[in-house]
Amino acid sequence: MKNFALVFRRTQYNRYSLPLLMGIVEQAAPVVDVFMIDSLDSLSDFYKVYDSIILAYSFTTVQLYRTASEVSFIKANYPKTRLIAGGPHVTADPDGCLEVGFDAVFVGEGERTLSSFALTLASGGDPFDRVVFADESSSPVSIDDYFPASLRHSLFGPMEITRGCFYGCSFCQTPRLFRRKIRHRSIESVLKGIKLAGNYIGERLYFLSPNAFSYQSSAPGEINYEAVEELLISVKAQGVRDLDIAYFPSEIRPESINERTLDLLKKYCSNRKIAIGIQSGAESVLKRVNRTNPLSKTIEAVELARKHGFTSHCDFIFGFPDETQEEADASIDLMTMLIKKYDARIHCHFFMPLPTTPLWNQRPSGLSEKTVTALKRLREWGKLDGWWEEQEKIAFDILSWKQNGLIKV
Ligand code: SF4
């Protein structure tokens, strides 16, 4: 029997984070056996080989209840398993997660803390003499030093080119999690990552960024065209056939859409769809949630994108606190106009009250029958997607998790 293995629990929601997390452990402590599982059923197989398992979770608030249920199941059925967790929800509520049953939690960026945890494991020490691992360093992690790649498992995630966001939309955790410390990956590091991944991303490379054209910029709204073009040229020179930017898992702010950025996309990238965050068709809502771009400019951006042959996949969020029927109607009207006039597609969401955001613990506005009927009609046209119906239920669940103590903050 081997002593232990570190096993990551993969779900559809953390599949992009796992290559990075597993790669961190592989890089810091190559002697540690690292795996991932898609189902808890396979734990019993691991116990045929290993004395004990450390099972690692990375999750958001949306997955809290399901994760907590799994923790209870593991405690009851595999009592020798030690449970660790990180990710956006853990960072927001470490005490609540310890109470759920995790043996140790990782707060904030995991690169350095997970490395030191793995090193302690590799050296035969007991990393569980601490229960909260927080990166206390005053200097932020350099994303240049870490790659979304688990070489042992041939797993490669989207290449993060920018971490953090200059903006402060009040429903979004991103700027809060990274304390507004914006970092960009150097071109040297991007190229190193491509070499490391070899053939696996030789064909198609996805960039990960909260705003595709903020690469190497130093202020909101600023676009460093030269740096973006140099990045794209350098990557294409490596033989990457298809390069995707400004589409899932990255998106583009409407104010970054102009002739020059669209020309760059056309010249170097393969995607002809772009993901644009619009969020609401009511200026009053946009103001309340701190979205600064005027709607008229956003509409111009979608129009320009269409003129250049791009399909805009526009994010809208319904159910913001105090959203009135008139405001919801304004979103439906704008969506309909964008579909009809510019052949846009809509990615529809329901507002999630997330810890650390200014809108945390505020009550969502439920969808009226009128709004639901209109959204379903757009879906029937084949122009609207998204899991807004499930999200509406989860949004109210999150508030009840707070009320019954599952969330402590
Ligand atoms: S929604 Fe996008 S632009 Fe707004 S704060 Fe979040 S990442 Fe930044």
# chains A, B, ... in the order shown; residues from 1 in each chain; ligands from 1

$ residues_near_ligand --ligand "ligand 1" --cutoff "8 Å" --atoms "only C-alpha atoms and all ligand atoms" --output "ChimeraX atom specification"
/A:164-175,210-211,251,253,277,291

$ write_last_selection --atoms "N, CA and C atoms" --output "mmCIF file, in the first residue's frame"
data_model
loop_
_atom_site.group_PDB
_atom_site.id
_atom_site.type_symbol
_atom_site.label_atom_id
_atom_site.label_comp_id
_atom_site.auth_asym_id
_atom_site.auth_seq_id
_atom_site.Cartn_x
_atom_site.Cartn_y
_atom_site.Cartn_z
ATOM 1 N N GLY A 164 -7.535 39.431 -12.627
ATOM 2 C CA GLY A 164 -8.088 40.606 -11.950
ATOM 3 C C GLY A 164 -8.760 41.527 -12.954
ATOM 4 N N CYS A 165 -9.483 42.504 -12.429
ATOM 5 C CA CYS A 165 -10.247 43.388 -13.318
ATOM 6 C C CYS A 165 -10.232 44.808 -12.767
ATOM 7 N N PHE A 166 -10.120 45.777 -13.673
ATOM 8 C CA PHE A 166 -10.097 47.182 -13.276
ATOM 9 C C PHE A 166 -11.472 47.682 -12.860
ATOM 10 N N TYR A 167 -12.512 46.981 -13.324
ATOM 11 C CA TYR A 167 -13.867 47.478 -13.085
ATOM 12 C C TYR A 167 -14.396 46.941 -11.758
ATOM 13 N N GLY A 168 -15.539 47.429 -11.357
ATOM 14 C CA GLY A 168 -16.068 47.014 -10.056
ATOM 15 C C GLY A 168 -17.562 46.761 -10.123
ATOM 16 N N CYS A 169 -18.004 45.943 -11.069
ATOM 17 C CA CYS A 169 -19.432 45.635 -11.172
ATOM 18 C C CYS A 169 -19.885 45.020 -9.841
ATOM 19 N N SER A 170 -20.978 45.497 -9.327
ATOM 20 C CA SER A 170 -21.279 45.161 -7.931
ATOM 21 C C SER A 170 -21.828 43.750 -7.742
ATOM 22 N N PHE A 171 -22.045 43.000 -8.812
ATOM 23 C CA PHE A 171 -22.504 41.621 -8.677
ATOM 24 C C PHE A 171 -21.350 40.632 -8.848
ATOM 25 N N CYS A 172 -20.143 41.129 -9.112
ATOM 26 C CA CYS A 172 -19.059 40.243 -9.566
ATOM 27 C C CYS A 172 -17.967 40.085 -8.507
ATOM 28 N N GLN A 173 -17.518 38.845 -8.327
ATOM 29 C CA GLN A 173 -16.487 38.587 -7.324
ATOM 30 C C GLN A 173 -15.073 38.862 -7.838
ATOM 31 N N THR A 174 -14.900 38.854 -9.147
ATOM 32 C CA THR A 174 -13.531 38.885 -9.686
ATOM 33 C C THR A 174 -12.655 39.994 -9.090
ATOM 34 N N PRO A 175 -13.089 41.264 -9.100
ATOM 35 C CA PRO A 175 -12.172 42.282 -8.584
ATOM 36 C C PRO A 175 -11.934 42.148 -7.082
ATOM 37 N N PRO A 210 -10.739 38.390 -17.932
ATOM 38 C CA PRO A 210 -12.056 39.003 -17.682
ATOM 39 C C PRO A 210 -12.418 40.015 -18.750
ATOM 40 N N ASN A 211 -11.431 40.569 -19.422
ATOM 41 C CA ASN A 211 -11.691 41.494 -20.521
ATOM 42 C C ASN A 211 -10.564 41.334 -21.534
ATOM 43 N N GLU A 251 -14.220 37.279 -22.212
ATOM 44 C CA GLU A 251 -15.221 38.101 -22.883
ATOM 45 C C GLU A 251 -14.644 39.480 -23.135
ATOM 46 N N ARG A 253 -15.350 43.689 -23.019
ATOM 47 C CA ARG A 253 -16.209 44.793 -22.580
ATOM 48 C C ARG A 253 -16.664 45.565 -23.816
ATOM 49 N N GLY A 277 -20.495 41.505 -22.422
ATOM 50 C CA GLY A 277 -21.308 41.683 -21.215
ATOM 51 C C GLY A 277 -22.146 42.945 -21.345
ATOM 52 N N ARG A 291 -22.185 49.448 -13.755
ATOM 53 C CA ARG A 291 -21.712 49.234 -15.132
ATOM 54 C C ARG A 291 -21.659 50.612 -15.772
#

$ residues_around --residues "Met335 of chain A" --least-positions-apart "2" --cutoff "12 Å" --atoms "only C-alpha atoms" --output "PyMOL selection string"
chain A and resi 278-282+299+302+312-318+328-333+337-348+374-375+377-379+383-384

$ select_by_dssp --residues "segment 205-365 of chain A" --states "helix (DSSP H, G or I)" --output "ChimeraX atom specification"
/A:212-214,225-236,254-256,259-268,283-288,295-307,325-342

$ select_by_dssp --residues "segment 143-350 of chain A" --states "strand (DSSP E or B)" --output "PyMOL selection string"
chain A and resi 149-150+155-156+159-160+162-163+183-184+204-208+242-244+252+273-279+311-318+345-350

$ write_last_selection --atoms "C-alpha atoms" --output "PDB file, in the first residue's frame"
ATOM      1  CA  ALA A 149      -1.117  22.351 -17.376  1.00  0.00           C
ATOM      2  CA  SER A 150      -1.018  18.998 -15.659  1.00  0.00           C
ATOM      3  CA  LEU A 155      -4.608  18.198 -19.145  1.00  0.00           C
ATOM      4  CA  PHE A 156      -4.435  21.752 -20.397  1.00  0.00           C
ATOM      5  CA  MET A 159      -4.193  30.213 -20.858  1.00  0.00           C
ATOM      6  CA  GLU A 160      -4.843  33.007 -18.367  1.00  0.00           C
ATOM      7  CA  THR A 162      -4.819  38.682 -17.362  1.00  0.00           C
ATOM      8  CA  ARG A 163      -5.831  38.150 -13.743  1.00  0.00           C
ATOM      9  CA  ARG A 183      -1.484  41.111 -13.547  1.00  0.00           C
ATOM     10  CA  HIS A 184      -0.720  40.147 -17.115  1.00  0.00           C
ATOM     11  CA  ARG A 204      -6.412  25.484 -30.636  1.00  0.00           C
ATOM     12  CA  LEU A 205      -5.566  27.853 -27.813  1.00  0.00           C
ATOM     13  CA  TYR A 206      -8.108  29.654 -25.650  1.00  0.00           C
ATOM     14  CA  PHE A 207      -7.142  32.720 -23.702  1.00  0.00           C
ATOM     15  CA  LEU A 208      -8.664  33.398 -20.313  1.00  0.00           C
ATOM     16  CA  ASP A 242      -6.798  28.319 -33.992  1.00  0.00           C
ATOM     17  CA  LEU A 243      -6.573  31.068 -31.441  1.00  0.00           C
ATOM     18  CA  ASP A 244      -9.698  32.152 -29.564  1.00  0.00           C
ATOM     19  CA  ILE A 252     -14.915  41.603 -24.172  1.00  0.00           C
ATOM     20  CA  LYS A 273     -18.378  34.978 -32.130  1.00  0.00           C
ATOM     21  CA  ILE A 274     -17.585  37.421 -29.368  1.00  0.00           C
ATOM     22  CA  ALA A 275     -18.971  37.403 -25.825  1.00  0.00           C
ATOM     23  CA  ILE A 276     -20.112  40.845 -24.709  1.00  0.00           C
ATOM     24  CA  GLY A 277     -21.308  41.683 -21.215  1.00  0.00           C
ATOM     25  CA  ILE A 278     -24.342  43.972 -21.530  1.00  0.00           C
ATOM     26  CA  GLN A 279     -26.244  42.829 -18.400  1.00  0.00           C
ATOM     27  CA  THR A 311     -21.888  37.401 -34.000  1.00  0.00           C
ATOM     28  CA  SER A 312     -22.277  38.996 -30.602  1.00  0.00           C
ATOM     29  CA  HIS A 313     -23.213  36.619 -27.812  1.00  0.00           C
ATOM     30  CA  CYS A 314     -24.588  39.109 -25.332  1.00  0.00           C
ATOM     31  CA  ASP A 315     -24.747  38.454 -21.594  1.00  0.00           C
ATOM     32  CA  PHE A 316     -27.862  39.709 -19.825  1.00  0.00           C
ATOM     33  CA  ILE A 317     -28.701  39.281 -16.153  1.00  0.00           C
ATOM     34  CA  PHE A 318     -32.252  39.414 -14.813  1.00  0.00           C
ATOM     35  CA  ARG A 345     -27.450  35.738 -29.588  1.00  0.00           C
ATOM     36  CA  ILE A 346     -28.347  36.148 -25.949  1.00  0.00           C
ATOM     37  CA  HIS A 347     -26.733  34.400 -23.006  1.00  0.00           C
ATOM     38  CA  CYS A 348     -29.250  34.875 -20.255  1.00  0.00           C
ATOM     39  CA  HIS A 349     -28.437  34.705 -16.535  1.00  0.00           C
ATOM     40  CA  PHE A 350     -30.234  35.254 -13.279  1.00  0.00           C
TER      41      PHE A 350
END

$ residues_around --residues "Gly198 of chain A" --least-positions-apart "6" --cutoff "10 Å" --atoms "only C-alpha atoms" --output "list in words"
Leu151, Ser154 and Lys192 of chain A

$ write_last_selection --atoms "N, CA and C atoms" --output "compact mmCIF listing (two decimals), in the first residue's frame"
# COMPACT_ATOMS: atom_id res chain seq x y z
N LEU A 151 0.93 18.06 -16.73
CA LEU A 151 1.61 17.28 -17.77
C LEU A 151 1.41 15.79 -17.53
N SER A 154 -1.89 14.98 -18.96
CA SER A 154 -2.15 15.56 -20.28
C SER A 154 -3.39 16.45 -20.29
N LYS A 192 6.21 29.89 -23.38
CA LYS A 192 6.72 28.76 -22.59
C LYS A 192 5.59 27.77 -22.32

$ residues_around --residues "segment 231-238 of chain A" --least-positions-apart "2" --cutoff "7 Å" --atoms "only C-alpha atoms" --output "ChimeraX atom specification"
/A:187,191,227-229,240,268

$ write_last_selection --atoms "N, CA and C atoms" --output "PDB file, in the first residue's frame"
ATOM      1  N   ILE A 187       4.575  37.659 -22.696  1.00  0.00           N
ATOM      2  CA  ILE A 187       4.558  36.843 -23.921  1.00  0.00           C
ATOM      3  C   ILE A 187       5.514  35.659 -23.768  1.00  0.00           C
ATOM      4  N   LEU A 191       4.476  31.778 -24.388  1.00  0.00           N
ATOM      5  CA  LEU A 191       5.168  30.888 -25.333  1.00  0.00           C
ATOM      6  C   LEU A 191       5.729  29.660 -24.610  1.00  0.00           C
ATOM      7  N   ALA A 227       0.732  45.725 -27.556  1.00  0.00           N
ATOM      8  CA  ALA A 227       0.995  44.518 -26.758  1.00  0.00           C
ATOM      9  C   ALA A 227       0.072  43.383 -27.191  1.00  0.00           C
ATOM     10  N   VAL A 228      -1.203  43.708 -27.464  1.00  0.00           N
ATOM     11  CA  VAL A 228      -2.147  42.660 -27.877  1.00  0.00           C
ATOM     12  C   VAL A 228      -1.689  42.073 -29.209  1.00  0.00           C
ATOM     13  N   GLU A 229      -1.311  42.948 -30.149  1.00  0.00           N
ATOM     14  CA  GLU A 229      -0.909  42.438 -31.465  1.00  0.00           C
ATOM     15  C   GLU A 229       0.371  41.607 -31.355  1.00  0.00           C
ATOM     16  N   VAL A 240       0.227  27.663 -33.633  1.00  0.00           N
ATOM     17  CA  VAL A 240      -1.122  27.440 -33.096  1.00  0.00           C
ATOM     18  C   VAL A 240      -2.111  27.736 -34.226  1.00  0.00           C
ATOM     19  N   TYR A 268      -5.982  37.636 -36.659  1.00  0.00           N
ATOM     20  CA  TYR A 268      -5.199  36.600 -35.974  1.00  0.00           C
ATOM     21  C   TYR A 268      -6.033  35.484 -35.333  1.00  0.00           C
TER      22      TYR A 268
END

$ atom_distance --atom1 "atom CA of Pro140 of chain A" --atom2 "atom CA of Val409 of chain A"
24.5 Å

$ closest_residue --among "A:Trp381, A:Tyr65, A:Phe8, A:Trp360" --to "Gly405 of chain A" --atoms "only C-alpha atoms"
A:Tyr65

$ atom_distance --atom1 "atom CA of Val105 of chain A" --atom2 "atom CA of Ile407 of chain A"
14.5 Å

$ atom_distance --atom1 "atom CA of Asp33 of chain A" --atom2 "atom CA of Ala122 of chain A"
9.6 Å

$ closest_residue --among "A:Thr11, A:Thr324, A:Ser142, A:Thr298" --to "Ser58 of chain A" --atoms "only C-alpha atoms"
A:Thr11

$ closest_residue --among "A:Tyr146, A:Phe4, A:Tyr78, A:Tyr47" --to "Leu21 of chain A" --atoms "only C-alpha atoms"
A:Tyr146

$ residues_around --residues "segment 390-403 of chain A" --least-positions-apart "2" --cutoff "7 Å" --atoms "only C-alpha atoms" --output "list of chain:residue names"
A:Val62, A:Phe350, A:Phe351, A:Met352, A:Pro353, A:Asn361, A:Trp387, A:Trp388, A:Gly405, A:Leu406, A:Ile407, A:Lys408

$ write_last_selection --atoms "N, CA and C atoms" --output "JSON list (two decimals), in the first residue's frame"
[["chain", "number", "residue", "atom", "x", "y", "z"],
["A", 62, "VAL", "N", -22.38, 28.74, -5.80],
["A", 62, "VAL", "CA", -23.47, 28.02, -6.47],
["A", 62, "VAL", "C", -23.42, 26.52, -6.17],
["A", 350, "PHE", "N", -29.48, 34.67, -14.38],
["A", 350, "PHE", "CA", -30.23, 35.25, -13.28],
["A", 350, "PHE", "C", -29.22, 35.70, -12.23],
["A", 351, "PHE", "N", -29.47, 36.82, -11.62],
["A", 351, "PHE", "CA", -28.56, 37.41, -10.62],
["A", 351, "PHE", "C", -28.29, 36.45, -9.45],
["A", 352, "MET", "N", -27.00, 36.32, -9.10],
["A", 352, "MET", "CA", -26.60, 35.50, -7.96],
["A", 352, "MET", "C", -26.07, 36.41, -6.85],
["A", 353, "PRO", "N", -26.66, 36.36, -5.67],
["A", 353, "PRO", "CA", -26.10, 37.18, -4.58],
["A", 353, "PRO", "C", -24.86, 36.48, -4.01],
["A", 361, "ASN", "N", -26.13, 39.06, -0.19],
["A", 361, "ASN", "CA", -27.24, 38.93, 0.75],
["A", 361, "ASN", "C", -28.42, 39.83, 0.41],
["A", 387, "TRP", "N", -28.69, 29.13, -18.34],
["A", 387, "TRP", "CA", -29.50, 28.34, -17.40],
["A", 387, "TRP", "C", -30.12, 29.24, -16.33],
["A", 388, "TRP", "N", -30.79, 30.29, -16.80],
["A", 388, "TRP", "CA", -31.41, 31.28, -15.92],
["A", 388, "TRP", "C", -32.48, 30.69, -15.02],
["A", 405, "GLY", "N", -27.28, 29.15, 8.26],
["A", 405, "GLY", "CA", -25.94, 29.04, 8.81],
["A", 405, "GLY", "C", -24.93, 28.30, 7.96],
["A", 406, "LEU", "N", -25.35, 27.83, 6.77],
["A", 406, "LEU", "CA", -24.38, 27.15, 5.91],
["A", 406, "LEU", "C", -23.33, 28.15, 5.40],
["A", 407, "ILE", "N", -23.75, 29.41, 5.28],
["A", 407, "ILE", "CA", -22.81, 30.48, 4.93],
["A", 407, "ILE", "C", -22.69, 31.38, 6.16],
["A", 408, "LYS", "N", -21.47, 31.67, 6.56],
["A", 408, "LYS", "CA", -21.26, 32.41, 7.82],
["A", 408, "LYS", "C", -21.04, 33.91, 7.62]]

$ closest_residue --among "A:Tyr215, A:Phe133, A:Phe117, A:Phe73" --to "Leu98 of chain A" --atoms "only C-alpha atoms"
A:Phe133

$ residues_around --residues "Arg260 of chain A" --least-positions-apart "5" --cutoff "12 Å" --atoms "only C-alpha atoms" --output "list in words"
Phe213, Ile223, Asn224, Tyr225, Glu226, Val228, Glu229, Leu265, Lys266, Lys267, Leu304, Ala305 and His308 of chain A
